[in-house]
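**Q** The structure file input.tsv (TSV, C-alpha atoms) is provided below.
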chain	number	residue	atom	x	y	z
H	28	MET	CA	1.90	-5.48	-9.04
H	29	ASP	CA	-1.07	-3.18	-9.49
H	30	LYS	CA	-3.13	-4.79	-6.76
H	31	ARG	CA	-3.46	-4.15	-3.04
H	32	ILE	CA	-5.02	-6.12	-0.20
H	33	ILE	CA	-7.11	-4.32	2.36
H	34	TYR	CA	-8.50	-5.56	5.66
H	35	PRO	CA	-10.10	-3.94	8.73
H	36	THR	CA	-7.87	-3.16	11.68
H	37	ASP	CA	-8.84	-3.79	15.29
H	38	ASP	CA	-9.23	-0.06	15.94
H	39	GLY	CA	-11.80	0.42	13.18
H	40	GLY	CA	-9.41	1.56	10.48
H	41	VAL	CA	-8.17	-0.18	7.37
H	42	ALA	CA	-4.79	-1.74	6.62
H	43	VAL	CA	-3.34	-1.76	3.11
H	44	ILE	CA	-0.92	-4.50	2.06
H	45	VAL	CA	1.57	-3.69	-0.69
H	46	PRO	CA	3.12	-6.79	-2.33
H	47	ALA	CA	6.90	-6.80	-2.65
H	48	PRO	CA	8.04	-6.92	-6.28
H	49	ASN	CA	9.44	-10.28	-7.33
H	50	CYS	CA	8.49	-11.95	-4.06
H	51	GLY	CA	7.40	-14.97	-6.06
H	52	LEU	CA	3.88	-15.15	-4.65
H	53	THR	CA	0.57	-14.31	-6.23
H	54	ILE	CA	-1.64	-11.64	-4.69
H	55	GLU	CA	-3.92	-14.39	-3.43
H	56	GLN	CA	-1.00	-16.23	-1.80
H	57	ILE	CA	0.18	-13.02	-0.15
H	58	ALA	CA	-3.30	-12.42	1.19
H	59	GLU	CA	-3.46	-15.91	2.67
H	60	LYS	CA	-0.04	-15.45	4.24
H	61	ASP	CA	0.00	-11.84	5.44
H	62	VAL	CA	-3.59	-10.98	6.35
H	63	PRO	CA	-4.02	-11.71	10.06
H	64	THR	CA	-5.80	-14.97	10.72
H	65	GLY	CA	-9.57	-14.61	10.79
H	66	LYS	CA	-9.66	-11.20	9.15
H	67	GLU	CA	-11.81	-10.67	6.10
H	68	TYR	CA	-10.04	-8.97	3.23
H	69	GLN	CA	-10.47	-7.61	-0.28
H	70	ILE	CA	-8.09	-7.50	-3.23
H	71	VAL	CA	-8.42	-4.12	-4.93
H	72	ASP	CA	-6.74	-2.09	-7.66
H	73	VAL	CA	-4.07	0.41	-6.71
H	74	ALA	CA	-6.28	3.13	-8.14
H	75	ASP	CA	-8.89	2.31	-5.51
H	76	ILE	CA	-6.56	3.40	-2.71
H	77	PRO	CA	-6.70	7.17	-2.08
H	78	SER	CA	-3.38	8.89	-2.65
H	79	ASP	CA	-4.35	11.75	-0.36
H	80	ARG	CA	-3.55	10.67	3.18
H	81	THR	CA	-4.63	13.81	4.94
H	82	PHE	CA	-7.26	11.82	6.81
H	83	ARG	CA	-5.54	8.42	6.60
H	84	ASP	CA	-6.53	7.36	10.10
H	85	ALA	CA	-10.19	8.07	9.33
H	86	TRP	CA	-10.32	5.52	6.51
H	87	GLU	CA	-12.90	2.81	7.05
H	88	TYR	CA	-13.24	-0.70	5.67
H	89	LEU	CA	-16.49	-1.17	3.73
D	19	MET	CA	39.96	-18.08	-12.20
D	20	SER	CA	37.71	-21.08	-12.18
D	21	THR	CA	34.04	-21.36	-11.45
D	22	LEU	CA	32.72	-23.88	-9.01
D	23	LYS	CA	29.14	-24.96	-9.41
D	24	THR	CA	27.76	-27.06	-6.63
D	25	GLY	CA	24.79	-27.33	-4.35
D	26	LYS	CA	26.65	-26.78	-1.09
D	27	VAL	CA	30.19	-26.12	0.07
D	28	LYS	CA	31.04	-26.95	3.65
D	29	THR	CA	33.98	-25.13	5.14
D	30	THR	CA	34.95	-23.28	8.30
D	31	THR	CA	36.92	-20.37	6.83
D	32	ILE	CA	36.80	-18.39	3.63
D	33	ALA	CA	39.60	-16.20	2.27
D	34	ASP	CA	40.17	-13.68	-0.47
D	35	GLU	CA	41.88	-14.58	-3.71
D	36	LEU	CA	45.37	-13.82	-2.40
D	37	ASP	CA	44.68	-15.40	0.97
D	38	THR	CA	45.63	-12.18	2.71
D	39	GLU	CA	42.36	-11.88	4.52
D	40	SER	CA	40.02	-14.52	5.83
D	41	THR	CA	37.07	-14.93	8.12
D	42	ALA	CA	35.14	-17.72	9.73
D	43	VAL	CA	32.09	-18.80	7.79
D	44	THR	CA	30.01	-18.25	10.91
D	45	ASN	CA	30.80	-14.54	10.61
D	46	VAL	CA	29.38	-14.52	7.10
D	47	ILE	CA	26.28	-16.48	8.05
D	48	ASN	CA	25.48	-14.65	11.27
D	49	GLY	CA	26.59	-11.28	9.96
D	50	SER	CA	24.43	-11.34	6.86
D	51	ALA	CA	21.09	-9.57	6.88
D	52	LYS	CA	18.25	-12.08	6.87
D	53	ALA	CA	15.70	-9.58	5.62
D	54	TRP	CA	15.64	-5.95	4.56
D	55	ILE	CA	13.43	-3.41	2.87
D	56	ASN	CA	13.70	0.14	1.61
D	57	PHE	CA	10.34	1.81	1.10
D	58	ASN	CA	8.76	5.20	0.63
D	59	GLY	CA	6.84	6.00	3.79
D	60	SER	CA	4.45	8.40	2.14
D	61	THR	CA	3.46	6.25	-0.87
D	62	ASP	CA	4.29	2.74	0.47
D	63	ALA	CA	6.26	2.01	-2.71
D	64	ILE	CA	8.75	-0.79	-2.05
D	65	LEU	CA	12.01	0.36	-3.62
D	66	SER	CA	13.94	-2.83	-2.88
D	67	SER	CA	13.66	-5.73	-0.48
D	68	PHE	CA	14.91	-9.17	0.47
D	69	ASN	CA	13.00	-11.95	2.23
D	70	VAL	CA	9.92	-9.74	2.31
D	71	THR	CA	6.57	-10.66	0.78
D	72	SER	CA	4.76	-7.44	1.53
D	73	LEU	CA	4.49	-4.17	3.41
D	74	THR	CA	1.33	-3.35	5.34
D	75	ASN	CA	0.32	0.27	5.87
D	76	VAL	CA	-1.59	0.15	9.13
D	77	GLY	CA	-2.12	3.86	9.60
D	78	THR	CA	-0.27	7.14	9.65
D	79	GLY	CA	3.40	6.46	10.30
D	80	ARG	CA	2.83	2.79	10.99
D	81	HIS	CA	3.96	-0.10	8.77
D	82	THR	CA	4.37	-3.84	9.15
D	83	ILE	CA	7.03	-5.78	7.24
D	84	ASN	CA	5.97	-9.34	6.43
D	85	PHE	CA	8.81	-11.84	6.00
D	86	THR	CA	8.90	-14.49	3.30
D	87	THR	CA	10.67	-16.99	5.54
D	88	ALA	CA	9.75	-16.73	9.20
D	89	PHE	CA	12.34	-16.63	11.97
D	90	ASN	CA	12.63	-19.32	14.60
D	91	ASP	CA	11.93	-16.85	17.40
D	92	THR	CA	11.39	-13.12	17.97
D	93	ASN	CA	14.88	-12.40	19.26
D	94	TYR	CA	16.08	-11.16	15.88
D	95	CYS	CA	17.72	-7.74	15.71
D	96	VAL	CA	15.95	-4.95	13.84
D	97	VAL	CA	17.89	-1.93	12.58
D	98	THR	CA	15.92	1.01	11.22
D	99	GLY	CA	16.61	4.36	9.68
D	100	ASN	CA	15.24	6.96	7.31
D	101	ASN	CA	16.27	9.77	5.05
D	102	ASP	CA	16.45	13.28	6.35
D	103	PHE	CA	14.20	15.80	4.68
D	104	SER	CA	15.39	19.21	3.68
D	105	GLY	CA	12.38	20.89	5.24
D	106	ASP	CA	12.86	19.29	8.64
D	107	SER	CA	13.48	21.54	11.59
D	108	GLY	CA	13.41	18.68	14.06
D	109	LEU	CA	14.15	14.99	14.38
D	110	ARG	CA	12.52	12.22	12.37
D	111	THR	CA	12.87	8.72	13.81
D	112	THR	CA	11.88	5.23	12.74
D	113	GLY	CA	11.86	2.32	15.15
D	114	VAL	CA	10.12	-0.87	16.16
D	115	ASP	CA	6.52	-0.03	17.08
D	116	ASN	CA	6.16	-0.65	20.80
D	117	SER	CA	2.38	-0.93	20.47
D	118	THR	CA	2.70	-4.12	18.43
D	119	SER	CA	4.62	-7.23	19.42
D	120	LYS	CA	7.24	-8.66	17.10
D	121	THR	CA	6.26	-12.01	15.65
D	122	THR	CA	8.33	-14.64	13.89
D	123	SER	CA	6.76	-13.65	10.57
D	124	SER	CA	6.53	-9.85	10.80
D	125	VAL	CA	7.72	-6.74	12.56
D	126	SER	CA	5.89	-3.45	12.90
D	127	ILE	CA	7.66	-0.11	12.81
D	128	SER	CA	6.59	3.45	13.36
D	129	THR	CA	7.96	6.74	12.09
D	130	LYS	CA	7.64	9.89	14.14
D	131	TYR	CA	8.58	13.49	13.68
D	132	ASN	CA	9.68	15.56	16.60
D	133	SER	CA	9.78	19.25	15.73
D	134	SER	CA	10.59	20.52	19.18
D	135	GLY	CA	8.78	18.74	21.98
D	136	ALA	CA	9.69	15.50	23.70
D	137	THR	CA	6.88	13.50	22.13
D	138	GLY	CA	7.07	12.75	18.43
D	139	THR	CA	4.05	12.66	16.16
D	140	LEU	CA	3.36	9.74	13.83
D	141	ILE	CA	4.07	10.74	10.26
D	142	ASP	CA	4.12	9.24	6.75
D	143	TYR	CA	6.49	11.82	5.46
D	144	SER	CA	9.81	9.99	5.21
D	145	VAL	CA	11.03	9.70	1.66
D	146	GLN	CA	12.81	6.44	2.35
D	147	ASN	CA	12.64	4.15	5.35
D	148	GLY	CA	15.13	1.33	5.78
D	149	VAL	CA	14.68	-1.76	7.91
D	150	VAL	CA	17.33	-4.46	8.21
D	151	VAL	CA	16.96	-7.66	10.21
D	152	PHE	CA	19.82	-9.76	11.56
D	153	ASN	CA	19.56	-13.04	13.35
If you took the structure in this file and wrote it as structure tokens, what would it be?
**A**
Amino acid sequence: MDKRIIYPTDDGGVAVIVPAPNCGLTIEQIAEKDVPTGKEYQIVDVADIPSDRTFRDAWEYL
Amino acid sequence: MSTLKTGKVKTTTIADELDTESTAVTNVINGSAKAWINFNGSTDAILSSFNVTSLTNVGTGRHTINFTTAFNDTNYCVVTGNNDFSGDSGLRTTGVDNSTSKTTSSVSISTKYNSSGATGTLIDYSVQNGVVVFN
């Protein structure tokens, strides 16, 4: 699946959800299930997630 | 050899073909992993998994495994491990993240690298991280 789900963490960072292959759920269903209740989220392309994690903990949710 | 196709077989013991070894079905049920995942800690690629819908990267060295079917309680057993890395001069460990409570639907783990001191540093560097859950 070439999509990811992102949501803001409580400490001001951003969490990235990676769907498990063949889990049988759509990206929307995974978002409804695995994003913490009450959190806003976005479904984005894999290419939108930086591959360089040098400053991973400085990522912010926009 | 014959093939049996049915929805459910109820029995107390199963045995091998020659009936030389057998075990109680409860051993099979309780001894089977109820969820597992093998993932790359530096790219978050899920290499293989069972009973897992997704992996959440929460920050450096911190991941949450989200189960497809939730457990009845949080007393399930979590076994973790990771691959060694040829460049390591110290100890790399993966374990349940003590900063996040286990829930019936997910468990959070952290990976740390301890080069020499007593306190490890969170790290994404593990090539493969394994998490197995028994209940």
**Q** Measure the distance from atom CA of Glu67 of chain H to atom CA of Pro35 of chain H in Å and round it to one decimal.
**A**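 Spanning atom CA of Glu67 of chain H to atom CA of Pro35 of chain H is a straight-line distance of 7.4 Å.
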**Q** Grab the atom CA of Ile32 of chain H to atom CA of Asp62 of chain D distance for me, in Å with one decimal place.
**A**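 One can read the atom CA of Ile32 of chain H to atom CA of Asp62 of chain D distance as 12.9 Å.
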**Q** Could the residues of chain D within 6 Å of chain H, counting all atoms listed in the file, be given as an mmCIF file with C-alpha atoms, keeping the file's coordinate frame, please?
**A**
data_model
loop_
_atom_site.group_PDB
_atom_site.id
_atom_site.type_symbol
_atom_site.label_atom_id
_atom_site.label_comp_id
_atom_site.auth_asym_id
_atom_site.auth_seq_id
_atom_site.Cartn_x
_atom_site.Cartn_y
_atom_site.Cartn_z
ATOM 1 C CA THR D 71 6.570 -10.660 0.780
ATOM 2 C CA SER D 72 4.760 -7.440 1.530
ATOM 3 C CA LEU D 73 4.490 -4.170 3.410
ATOM 4 C CA THR D 74 1.330 -3.350 5.340
ATOM 5 C CA ASN D 75 0.320 0.270 5.870
ATOM 6 C CA VAL D 76 -1.590 0.150 9.130
ATOM 7 C CA GLY D 77 -2.120 3.860 9.600
#
**Q** What would the list of residues within 8 Å of (11.1, -9.6, 10.6) (file frame) look like as a list of chain:residue names, if only C-alpha atoms are what count?
**A**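 Residues with an atom close enough to that point: D:Ala53, D:Ile83, D:Asn84, D:Phe85, D:Ala88, D:Phe89, D:Tyr94, D:Val96, D:Lys120, D:Thr121, D:Thr122, D:Ser123, D:Ser124, D:Val125, D:Val151.
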**Q** Enter the distance from atom CA of Thr118 of chain D to atom CA of Asp37 of chain H, in Å, rounded to one decimal.
**A**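 Rounded to one decimal, the two atoms are 12.0 Å apart.
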**Q** Hey, what's within 12 Å of Ser117 of chain D if we count all atoms listed in the file and toss same-chain stuff fewer than 6 positions away? As an MDAnalysis selection string, please?
**A** chainID D and resid 80:82 125:128
**Q** Under the rule that only C-alpha atoms are counted, which of D:Leu65, D:Val114, D:Val150, D:Met19 is the nearest residue to Ser50 of chain D?
**A**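 Smallest distance to Ser50 of chain D is found for D:Val150.
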**Q** From (2.6, 10.6, 11.2), in the file's coordinates, out to 7 Å: which residues are reached, counting all atoms listed in the file? Answer as a PyMOL selection string.
**A** chain D and resi 78-79+129-130+139-142
**Q** Which residues are near segment 108-112 of chain D? Cut-off 9 Å, all atoms listed in the file, ignore same chain within fewer than 6 positions. Put them as an MDAnalysis selection string.
**A** chainID D and resid 79 98:102 127:134 138 141 144 147:149
